[in-house]
Amino acid sequence: RSATADDIKQAYRRLAKQYHPDLNPGRADIEMKFKEVNAAYSLLSDPDKRARFDKGEIDATGAERPDSTFRRAYAGAGAGAGPGAGGA
């Protein structure tokens with residue numbers, strides 16, 4: 001979480017080179033790692049997506065986490081708000 005944008009870019013470039021399919025022909029496992037590195041960089045290089053990921057609102061694929069919708073719906077609603085609140 002404390003990595004800077006430059007740290008992320010440097011790590012991405014190092015890993016992308018290490019796992020590039022052209023440097024590892026015929027290795028399906030390496031190709032999968034390369035795709036994972038690209039997906040991670042896509043998420044972490046976007047400041048908005050990274051902030052949402054750090055807050056737990058989206059997962060590593062960028063998809064909404066099921067519990068984040070619930071948290072946002074009741075965030076700031078005050079004490080006692082939420083399912084079952086409000087009595088009969």
# chains A, B, ... in the order shown; residues from 1 in each chain; ligands from 1
>>> residues_around(residues="stretch 8-22 of chain A", least_positions_apart="2", cutoff="10 Å", atoms="only C-alpha atoms", output="ChimeraX atom specification")
/A:3-6,24-38,40-42,44-45
>>> write_last_selection(atoms="C-alpha atoms", output="PDB file, in the first residue's frame")
ATOM      1  CA  ALA A   3       4.362   1.788  -2.977  1.00  0.00           C
ATOM      2  CA  THR A   4       4.612   4.892  -5.108  1.00  0.00           C
ATOM      3  CA  ALA A   5       3.514   5.056  -8.731  1.00  0.00           C
ATOM      4  CA  ASP A   6       7.180   4.860  -9.747  1.00  0.00           C
ATOM      5  CA  ASN A  24       9.654 -17.971 -22.704  1.00  0.00           C
ATOM      6  CA  PRO A  25       8.117 -19.608 -25.799  1.00  0.00           C
ATOM      7  CA  GLY A  26       5.784 -22.537 -25.268  1.00  0.00           C
ATOM      8  CA  ARG A  27       5.396 -21.974 -21.521  1.00  0.00           C
ATOM      9  CA  ALA A  28       1.690 -21.676 -20.706  1.00  0.00           C
ATOM     10  CA  ASP A  29       2.464 -21.066 -17.019  1.00  0.00           C
ATOM     11  CA  ILE A  30       4.698 -18.119 -17.889  1.00  0.00           C
ATOM     12  CA  GLU A  31       2.047 -16.712 -20.226  1.00  0.00           C
ATOM     13  CA  MET A  32      -0.509 -16.874 -17.404  1.00  0.00           C
ATOM     14  CA  LYS A  33       1.894 -15.055 -15.047  1.00  0.00           C
ATOM     15  CA  PHE A  34       2.428 -12.386 -17.707  1.00  0.00           C
ATOM     16  CA  LYS A  35      -1.340 -11.851 -17.945  1.00  0.00           C
ATOM     17  CA  GLU A  36      -1.585 -11.595 -14.148  1.00  0.00           C
ATOM     18  CA  VAL A  37       1.214  -9.012 -14.066  1.00  0.00           C
ATOM     19  CA  ASN A  38      -0.559  -6.948 -16.741  1.00  0.00           C
ATOM     20  CA  ALA A  40      -2.267  -6.081 -11.643  1.00  0.00           C
ATOM     21  CA  TYR A  41      -0.538  -3.145 -13.307  1.00  0.00           C
ATOM     22  CA  SER A  42      -3.776  -2.086 -14.973  1.00  0.00           C
ATOM     23  CA  LEU A  44      -2.622  -0.418  -9.570  1.00  0.00           C
ATOM     24  CA  SER A  45      -1.586   2.202 -12.130  1.00  0.00           C
TER      25      SER A  45
END
>>> atom_distance(atom1="atom CA of A:Arg50", atom2="atom CA of A:Leu23")
29.4 Å
>>> decode(residues="stretch 25-41 of chain A", atoms="N, CA and C atoms", output="compact mmCIF listing (two decimals), in the first residue's frame")
# COMPACT_ATOMS: atom_id res chain seq x y z
N PRO A 25 9.06 -19.00 -24.85
CA PRO A 25 8.12 -19.61 -25.80
C PRO A 25 7.65 -20.99 -25.35
N GLY A 26 6.35 -21.23 -25.57
CA GLY A 26 5.78 -22.54 -25.27
C GLY A 26 5.51 -22.80 -23.81
N ARG A 27 5.62 -21.80 -22.96
CA ARG A 27 5.40 -21.97 -21.52
C ARG A 27 4.06 -21.34 -21.14
N ALA A 28 3.03 -22.17 -21.04
CA ALA A 28 1.69 -21.68 -20.71
C ALA A 28 1.66 -21.06 -19.31
N ASP A 29 2.44 -21.61 -18.38
CA ASP A 29 2.46 -21.07 -17.02
C ASP A 29 3.06 -19.66 -17.00
N ILE A 30 4.07 -19.44 -17.81
CA ILE A 30 4.70 -18.12 -17.89
C ILE A 30 3.73 -17.13 -18.54
N GLU A 31 3.02 -17.58 -19.57
CA GLU A 31 2.05 -16.71 -20.23
C GLU A 31 0.95 -16.28 -19.25
N MET A 32 0.52 -17.20 -18.40
CA MET A 32 -0.51 -16.87 -17.40
C MET A 32 0.03 -15.85 -16.40
N LYS A 33 1.27 -16.02 -15.97
CA LYS A 33 1.89 -15.06 -15.05
C LYS A 33 1.96 -13.67 -15.70
N PHE A 34 2.33 -13.65 -16.98
CA PHE A 34 2.43 -12.39 -17.71
C PHE A 34 1.07 -11.68 -17.72
N LYS A 35 0.01 -12.43 -17.95
CA LYS A 35 -1.34 -11.85 -17.94
C LYS A 35 -1.70 -11.33 -16.56
N GLU A 36 -1.31 -12.04 -15.52
CA GLU A 36 -1.58 -11.60 -14.15
C GLU A 36 -0.84 -10.31 -13.83
N VAL A 37 0.41 -10.22 -14.27
CA VAL A 37 1.21 -9.01 -14.07
C VAL A 37 0.56 -7.83 -14.77
N ASN A 38 0.10 -8.03 -16.00
CA ASN A 38 -0.56 -6.95 -16.74
C ASN A 38 -1.85 -6.52 -16.07
N ALA A 39 -2.62 -7.47 -15.59
CA ALA A 39 -3.88 -7.14 -14.92
C ALA A 39 -3.62 -6.36 -13.63
N ALA A 40 -2.61 -6.78 -12.88
CA ALA A 40 -2.27 -6.08 -11.64
C ALA A 40 -1.82 -4.65 -11.93
N TYR A 41 -1.00 -4.49 -12.96
CA TYR A 41 -0.54 -3.14 -13.31
C TYR A 41 -1.70 -2.27 -13.77
